[in-house]
Amino acid sequence: MKIKIRKFNQKGNEIFSNFVKNSKKEFTSKKKSKFKVPINIINDKSLTEPVNLAGEIDINKSFENAFEYAVYINDKIKNIDLKKYRWDDGLFNWISAALFPNFFPGIRSGIDEKRVFLSDISKSKWRRHFARTLWEIYHVYKEASLCLLFKETNNFSDELETISKSPIMFSCKGIVEAYSDMYFKKDKGNSGKQTYKRGEVADFRNFIDELYQLELNLDIFRMSKDQIISKLNKAFNDRVEKNK
Amino acid sequence: MTLLNFTKRIEIFCNTEGNSDISIYANSKNEYFVFQENLSRIKDEISKKFPDINFSQIKIFLEAYRDAFRKETQWGTLDNPITDKIDFFNKKVVIEKDINRNLGEIDSSNVRFRAIMSFNESIIAASEGFRPLPISNKEEILKVQKFKDSQLMGVLEIDMEELFSCNFHTEPPHEGKPVIYVNKKLGIKSDISSDSRIKSLIFSSAFKELIRKSIVDPDNEYKKRLLDYAQTFSETHKWEDLKADKVEVPTDVFENQEINEFIDDAASGYISAFNLLKKYQDQKNEITDDLDAEENEYEN
C-alpha cells in the first residue's frame, strides 16, 4: 500500500507517542511480538499535515538492511525543503510510524521508545532514533555510509550507539572511510560484514579512543582517511592491510 | 582514558561578554557575519608558544554545525584574516564579499559555531562551540559591536619614573600610534586588566591628552583615526576645521574654547561608549562587597 509522505502535527505526535507506549507494554507483557503499521494514525488528516514535494512510500515494504532503508527514504524526501524538515520531529515520527515493523521491536534495547519516537523536549537523544539517524548517515555520506548501515533496520549496533553518544564518528568523511577500511568488508550488492570482534586489539572502541586523543591535538576533521590512518599505531594499520 | 594535549592549543574566545577574539552574528535569513579584528591576543600567544610558525601559514576555519551536520568555511589566515568590519566613522557595517555565508540546512536559530586555527595537521587554537549573537538585520550589529579601544591606543610597559604617560610611538611597526606608557616595575599593565577603576582613570585621561596633541600636529593616519573617532561625539565641530581655523600656536589647544568643547565632548563620549563610569562603580561595589564579606567572616 503506497501513501504520500506526511508529517504529524503536535496532536499526531502525542497519539503516536501513546501508540509506542502501548506497543511497548504489549511486547513486555508478551501479548505481541510483531507489530503493524498504525494506518489509522498516519492517514488521519486531523493528526497530519502534507509535506510539499515529498514522495510516496510503500508501508508494507521491508528492508534487507539499514542501508537499503536509508537509500529508499532519501529518494522519497530528496526534493523537500530540508532546511525546514531536517530537524522536524513530526516528519520523522510519521516515517517511523509508516514503517513501524521495520524498527520495532529492536534487536538490541528492543523496546526503547527513543528508537522509534522523537521527542521535542529531549533533542539530545535524537540520534537514537532509527528512522531519522539511519537516513541522516546516508544523507551525509552516501555510498561511504554502507559500513555503518549494513545491519538490520532495527539493530542499534555498537557503531550507532557510538554515533548517538558523540558526533566524532559522524562528523568527518575521512573518519567514516578509515572505519570502513579497518572494520568492514563489502560483499555483493549493498551488503557486507564486520571484520572485527569486540575486545580484539585495535577494535572499534580502541579506534574511537584514539580519535578522541587525535582530535585534541590534530585537525582530524579536515584530514583524509589516509592521513587519519597514518596517525594510528601499527595494530590499526595491520587491520587495513588484512582487510584489503 | 587520559587525554594528553601535546600541542599547547590556545583557546579562542568567541562571543564572550568581555573582549572576544572573534564575534559572530546570525540573522533570520540564515546568514552570518564574522568579526575578527581583535586577534592580537591570539597572535601574542602563538608567538610565544609557536615562535617558528609564520602567521600566514595558520588557516582560520569556522564550522557551523547542528548535531552531526557541519558546514565549514575558511576565513583567511592569521596573517590576513577575512573579516566583516564596522566603519564606526560612517556608522555602517562593511561586508566582506566572496564568502558563502549561507548556513544551508541549518537554521540560524539553532546553529552553533566553532572556530579553529590550524597549521598543517595541527590545531593551534580552537574555541568551544558557541551560539551566534542573534540580529534581525546587519545594521543591528552597529549597536552591539563595540569599537575596540586597542584600535585607538596601544599600551606599552616601559621603565619610567612616572606612573603613566602618553605619547606617539617612535618605533616600527606601529610608529606614530598613540600609546599609553605605563610603569613596568609597578606592573600597571596587569592592574589595568584586572581593575576597571585603574583602567577608567588612565584611559580617560590619556584619551583627552592624545586628542589634544593630535590636533596640534595630525601628521599620521593613527592620529587622524583618533581624531575621526573623537569627532563622532561632536555635533558642532570638525577637527580639520578646528585645526585650520583655531590653532595658530600649540598653546591654542589649551586656550581655545571650541577646541576644549570638542575635547570635552569626545572624552564624555568615550567614557560613555566604553561604559567607564559603570565599570568603575561596579568594581568599587565588588571590592566593597568583598570587604563586607571578610568582616562578616570575623563576626561569625
# chains A, B, ... in the order shown; residues from 1 in each chain; ligands from 1
$ interface_residues --of "chain A" --to "chain B" --cutoff "8 Å" --atoms "only C-alpha atoms" --output "list of chain:residue names"
A:Leu82, A:Lys83, A:Lys84, A:Arg86, A:Val140, A:Pro167, A:Phe170, A:Ser171, A:Asp209, A:Tyr212, A:Gln213, A:Leu216, A:Asn217, A:Leu218, A:Asp219, A:Ile220, A:Met223
$ write_last_selection --atoms "C-alpha atoms" --output "tab-separated table (two decimals), in the first residue's frame"
chain	number	residue	atom	x	y	z
A	82	LEU	CA	15.41	20.14	4.29
A	83	LYS	CA	16.08	23.47	5.95
A	84	LYS	CA	12.51	23.21	7.16
A	86	ARG	CA	15.68	18.13	8.62
A	140	VAL	CA	25.68	12.90	4.68
A	167	PRO	CA	29.39	13.11	16.85
A	170	PHE	CA	29.74	11.06	12.26
A	171	SER	CA	31.42	14.36	11.58
A	209	ASP	CA	39.52	6.34	21.96
A	212	TYR	CA	39.47	11.49	20.84
A	213	GLN	CA	43.18	11.67	21.54
A	216	LEU	CA	42.55	17.03	20.90
A	217	ASN	CA	45.83	17.58	19.15
A	218	LEU	CA	45.26	17.35	15.43
A	219	ASP	CA	42.85	18.81	12.94
A	220	ILE	CA	41.28	15.44	12.06
A	223	MET	CA	42.10	15.06	7.20
$ residues_around --residues "region 7-21 of chain A" --least-positions-apart "5" --cutoff "10 Å" --atoms "only C-alpha atoms" --output "ChimeraX atom specification"
/A:26-27,38,41-51,85,88-97,100,104,111-114,116-120
$ write_last_selection --atoms "N, CA and C atoms" --output "mmCIF file, in the first residue's frame"
data_model
loop_
_atom_site.group_PDB
_atom_site.id
_atom_site.type_symbol
_atom_site.label_atom_id
_atom_site.label_comp_id
_atom_site.auth_asym_id
_atom_site.auth_seq_id
_atom_site.Cartn_x
_atom_site.Cartn_y
_atom_site.Cartn_z
ATOM 1 N N GLU A 26 2.628 -4.062 25.356
ATOM 2 C CA GLU A 26 2.202 -5.336 24.768
ATOM 3 C C GLU A 26 3.392 -6.271 24.558
ATOM 4 N N PHE A 27 4.514 -5.684 24.177
ATOM 5 C CA PHE A 27 5.714 -6.504 23.957
ATOM 6 C C PHE A 27 6.250 -7.025 25.293
ATOM 7 N N PRO A 38 0.434 1.609 12.208
ATOM 8 C CA PRO A 38 -0.816 2.236 12.687
ATOM 9 C C PRO A 38 -1.453 3.087 11.577
ATOM 10 N N ILE A 41 -3.627 6.149 12.214
ATOM 11 C CA ILE A 41 -2.965 7.384 12.690
ATOM 12 C C ILE A 41 -2.287 8.119 11.527
ATOM 13 N N ILE A 42 -1.545 7.369 10.735
ATOM 14 C CA ILE A 42 -0.770 8.067 9.679
ATOM 15 C C ILE A 42 -1.662 8.629 8.567
ATOM 16 N N ASN A 43 -2.882 8.083 8.475
ATOM 17 C CA ASN A 43 -3.807 8.562 7.436
ATOM 18 C C ASN A 43 -4.759 9.652 7.926
ATOM 19 N N ASP A 44 -4.764 9.867 9.216
ATOM 20 C CA ASP A 44 -5.754 10.792 9.808
ATOM 21 C C ASP A 44 -5.372 12.252 9.470
ATOM 22 N N LYS A 45 -6.212 12.914 8.712
ATOM 23 C CA LYS A 45 -5.917 14.294 8.275
ATOM 24 C C LYS A 45 -5.886 15.278 9.447
ATOM 25 N N SER A 46 -6.591 14.927 10.543
ATOM 26 C CA SER A 46 -6.585 15.846 11.688
ATOM 27 C C SER A 46 -5.295 15.708 12.509
ATOM 28 N N LEU A 47 -4.541 14.635 12.268
ATOM 29 C CA LEU A 47 -3.298 14.422 13.019
ATOM 30 C C LEU A 47 -2.055 14.679 12.179
ATOM 31 N N THR A 48 -2.256 14.916 10.897
ATOM 32 C CA THR A 48 -1.101 15.040 9.992
ATOM 33 C C THR A 48 -1.221 16.259 9.079
ATOM 34 N N GLU A 49 -0.081 16.588 8.467
ATOM 35 C CA GLU A 49 -0.049 17.704 7.513
ATOM 36 C C GLU A 49 0.708 17.252 6.273
ATOM 37 N N PRO A 50 0.400 17.807 5.116
ATOM 38 C CA PRO A 50 1.168 17.422 3.918
ATOM 39 C C PRO A 50 2.606 17.957 3.980
ATOM 40 N N VAL A 51 3.506 17.265 3.290
ATOM 41 C CA VAL A 51 4.904 17.727 3.172
ATOM 42 C C VAL A 51 5.150 18.007 1.693
ATOM 43 N N TYR A 85 12.679 20.784 7.209
ATOM 44 C CA TYR A 85 12.257 19.477 7.726
ATOM 45 C C TYR A 85 13.362 18.628 8.348
ATOM 46 N N ASP A 88 12.705 18.084 11.870
ATOM 47 C CA ASP A 88 11.268 18.122 12.160
ATOM 48 C C ASP A 88 10.834 16.792 12.780
ATOM 49 N N ASP A 89 10.441 16.824 14.044
ATOM 50 C CA ASP A 89 10.051 15.578 14.711
ATOM 51 C C ASP A 89 8.798 14.978 14.074
ATOM 52 N N GLY A 90 7.869 15.855 13.617
ATOM 53 C CA GLY A 90 6.620 15.363 13.023
ATOM 54 C C GLY A 90 6.862 14.513 11.784
ATOM 55 N N LEU A 91 7.800 14.942 10.944
ATOM 56 C CA LEU A 91 8.098 14.184 9.713
ATOM 57 C C LEU A 91 8.706 12.820 10.047
ATOM 58 N N PHE A 92 9.735 12.825 10.886
ATOM 59 C CA PHE A 92 10.432 11.547 11.129
ATOM 60 C C PHE A 92 9.623 10.620 12.031
ATOM 61 N N ASN A 93 8.761 11.172 12.877
ATOM 62 C CA ASN A 93 7.853 10.294 13.625
ATOM 63 C C ASN A 93 6.848 9.647 12.674
ATOM 64 N N TRP A 94 6.406 10.417 11.690
ATOM 65 C CA TRP A 94 5.448 9.861 10.725
ATOM 66 C C TRP A 94 6.108 8.719 9.941
ATOM 67 N N ILE A 95 7.350 8.942 9.496
ATOM 68 C CA ILE A 95 8.055 7.885 8.749
ATOM 69 C C ILE A 95 8.250 6.657 9.647
ATOM 70 N N SER A 96 8.585 6.922 10.908
ATOM 71 C CA SER A 96 8.777 5.824 11.854
ATOM 72 C C SER A 96 7.483 5.018 12.009
ATOM 73 N N ALA A 97 6.362 5.729 12.054
ATOM 74 C CA ALA A 97 5.056 5.054 12.185
ATOM 75 C C ALA A 97 4.709 4.297 10.904
ATOM 76 N N PHE A 100 6.735 1.128 10.730
ATOM 77 C CA PHE A 100 6.927 0.702 12.125
ATOM 78 C C PHE A 100 7.499 -0.715 12.284
ATOM 79 N N PHE A 104 10.494 -1.747 15.068
ATOM 80 C CA PHE A 104 10.051 -2.153 16.409
ATOM 81 C C PHE A 104 9.518 -3.574 16.383
ATOM 82 N N ILE A 111 12.885 -2.308 23.143
ATOM 83 C CA ILE A 111 11.645 -1.567 23.337
ATOM 84 C C ILE A 111 11.898 -0.126 23.783
ATOM 85 N N ASP A 112 13.108 0.335 23.596
ATOM 86 C CA ASP A 112 13.410 1.714 23.968
ATOM 87 C C ASP A 112 12.596 2.672 23.085
ATOM 88 N N GLU A 113 11.776 3.489 23.726
ATOM 89 C CA GLU A 113 10.881 4.381 22.953
ATOM 90 C C GLU A 113 11.650 5.338 22.044
ATOM 91 N N LYS A 114 12.839 5.730 22.499
ATOM 92 C CA LYS A 114 13.611 6.724 21.730
ATOM 93 C C LYS A 114 14.037 6.213 20.355
ATOM 94 N N VAL A 116 12.123 4.799 18.276
ATOM 95 C CA VAL A 116 11.050 4.981 17.294
ATOM 96 C C VAL A 116 10.274 6.293 17.456
ATOM 97 N N PHE A 117 10.483 6.976 18.575
ATOM 98 C CA PHE A 117 9.740 8.224 18.781
ATOM 99 C C PHE A 117 10.692 9.374 19.101
ATOM 100 N N LEU A 118 10.588 10.445 18.311
ATOM 101 C CA LEU A 118 11.392 11.649 18.548
ATOM 102 C C LEU A 118 10.615 12.585 19.449
ATOM 103 N N SER A 119 11.233 12.916 20.570
ATOM 104 C CA SER A 119 10.560 13.839 21.468
ATOM 105 C C SER A 119 11.154 15.230 21.310
ATOM 106 N N ASP A 120 10.290 16.197 21.199
ATOM 107 C CA ASP A 120 10.752 17.570 21.007
ATOM 108 C C ASP A 120 11.510 18.092 22.227
#
$ atom_distance --atom1 "CA of Lys177 (chain B)" --atom2 "CA of Asp217 (chain B)"
13.1 Å
$ residues_around --residues "Cys147 (chain A)" --least-positions-apart "4" --cutoff "10 Å" --atoms "only C-alpha atoms" --output "list in words"
Phe67, Glu143, Lys151, Glu159, Val176, Glu177, Tyr179, Ser180, Asp181, Tyr183, Phe184, Lys185, Lys186, Asn190, Ser191, Gly192, Lys193 and Gln194 of chain A
$ write_last_selection --atoms "C-alpha atoms" --output "compact mmCIF listing (two decimals), in the first residue's frame"
# COMPACT_ATOMS: atom_id res chain seq x y z
CA PHE A 67 21.37 1.00 4.00
CA GLU A 143 27.77 5.29 -0.59
CA LYS A 151 22.95 -4.28 9.64
CA GLU A 159 28.52 1.87 15.83
CA VAL A 176 33.97 7.09 8.18
CA GLU A 177 36.22 5.93 5.33
CA TYR A 179 36.47 2.98 9.77
CA SER A 180 35.38 1.24 6.58
CA ASP A 181 38.96 0.35 5.64
CA TYR A 183 36.42 -2.86 10.13
CA PHE A 184 34.18 -3.55 7.15
CA LYS A 185 34.25 -5.74 4.07
CA LYS A 186 31.76 -5.19 1.29
CA ASN A 190 24.72 -3.45 -0.72
CA SER A 191 25.67 -5.99 1.87
CA GLY A 192 28.82 -6.58 3.84
CA LYS A 193 30.24 -7.81 7.09
CA GLN A 194 32.04 -6.59 10.14
$ select_by_dssp --residues "region 109-183 of chain B" --states "helix (DSSP H, G or I)" --output "list in words"
Lys138, Glu139, Glu140, Ile141, Leu142, Lys143, Val144, Asp149, Ser150 and Gln151 of chain B
$ atom_distance --atom1 "CA of Lys97 (chain B)" --atom2 "CA of Gln36 (chain B)"
15.1 Å
$ atom_distance --atom1 "CA of Asn154 (chain A)" --atom2 "CA of Asn40 (chain A)"
22.9 Å
$ select_by_dssp --residues "region 43-185 of chain A" --states "strand (DSSP E)" --output "list in words"
Thr48, Glu49, Pro50, Glu56, Ile57, Asp58, Phe184 and Lys185 of chain A
$ closest_residue --among "B:Leu78, B:Leu39, B:Leu156, B:Ile46" --to "Ser190 (chain B)" --atoms "only C-alpha atoms"
B:Leu156
$ residues_around --residues "region 54-59 of chain A" --least-positions-apart "5" --cutoff "10 Å" --atoms "only C-alpha atoms" --output "CSV table (one decimal) with C-alpha atoms, in the first residue's frame"
chain,number,residue,atom,x,y,z
A,1,MET,CA,0.0,0.0,0.0
A,2,LYS,CA,1.5,3.3,-1.1
A,3,ILE,CA,0.9,6.6,0.8
A,4,LYS,CA,2.3,10.0,0.1
A,5,ILE,CA,4.6,11.1,3.0
A,6,ARG,CA,3.1,13.4,5.5
A,36,LYS,CA,1.7,-3.5,12.4
A,37,VAL,CA,1.7,0.0,10.9
A,39,ILE,CA,-2.6,3.1,9.4
A,72,TYR,CA,14.8,4.4,-0.2
A,73,ILE,CA,13.7,7.1,2.2
A,74,ASN,CA,16.3,9.5,1.0
A,75,ASP,CA,14.9,9.2,-2.5
A,76,LYS,CA,11.4,9.9,-1.3
A,77,ILE,CA,12.4,13.1,0.6
A,78,LYS,CA,15.1,14.3,-1.7
A,79,ASN,CA,13.0,17.2,-3.0
A,80,ILE,CA,11.6,18.5,0.2
A,81,ASP,CA,12.9,21.7,1.9
A,95,ILE,CA,8.1,7.9,8.7
A,97,ALA,CA,5.1,5.1,12.2
A,98,ALA,CA,4.6,4.3,8.5
A,99,LEU,CA,7.4,1.8,8.5
A,100,PHE,CA,6.9,0.7,12.1
A,101,PRO,CA,7.5,-3.1,11.8
A,102,ASN,CA,11.0,-2.3,10.3
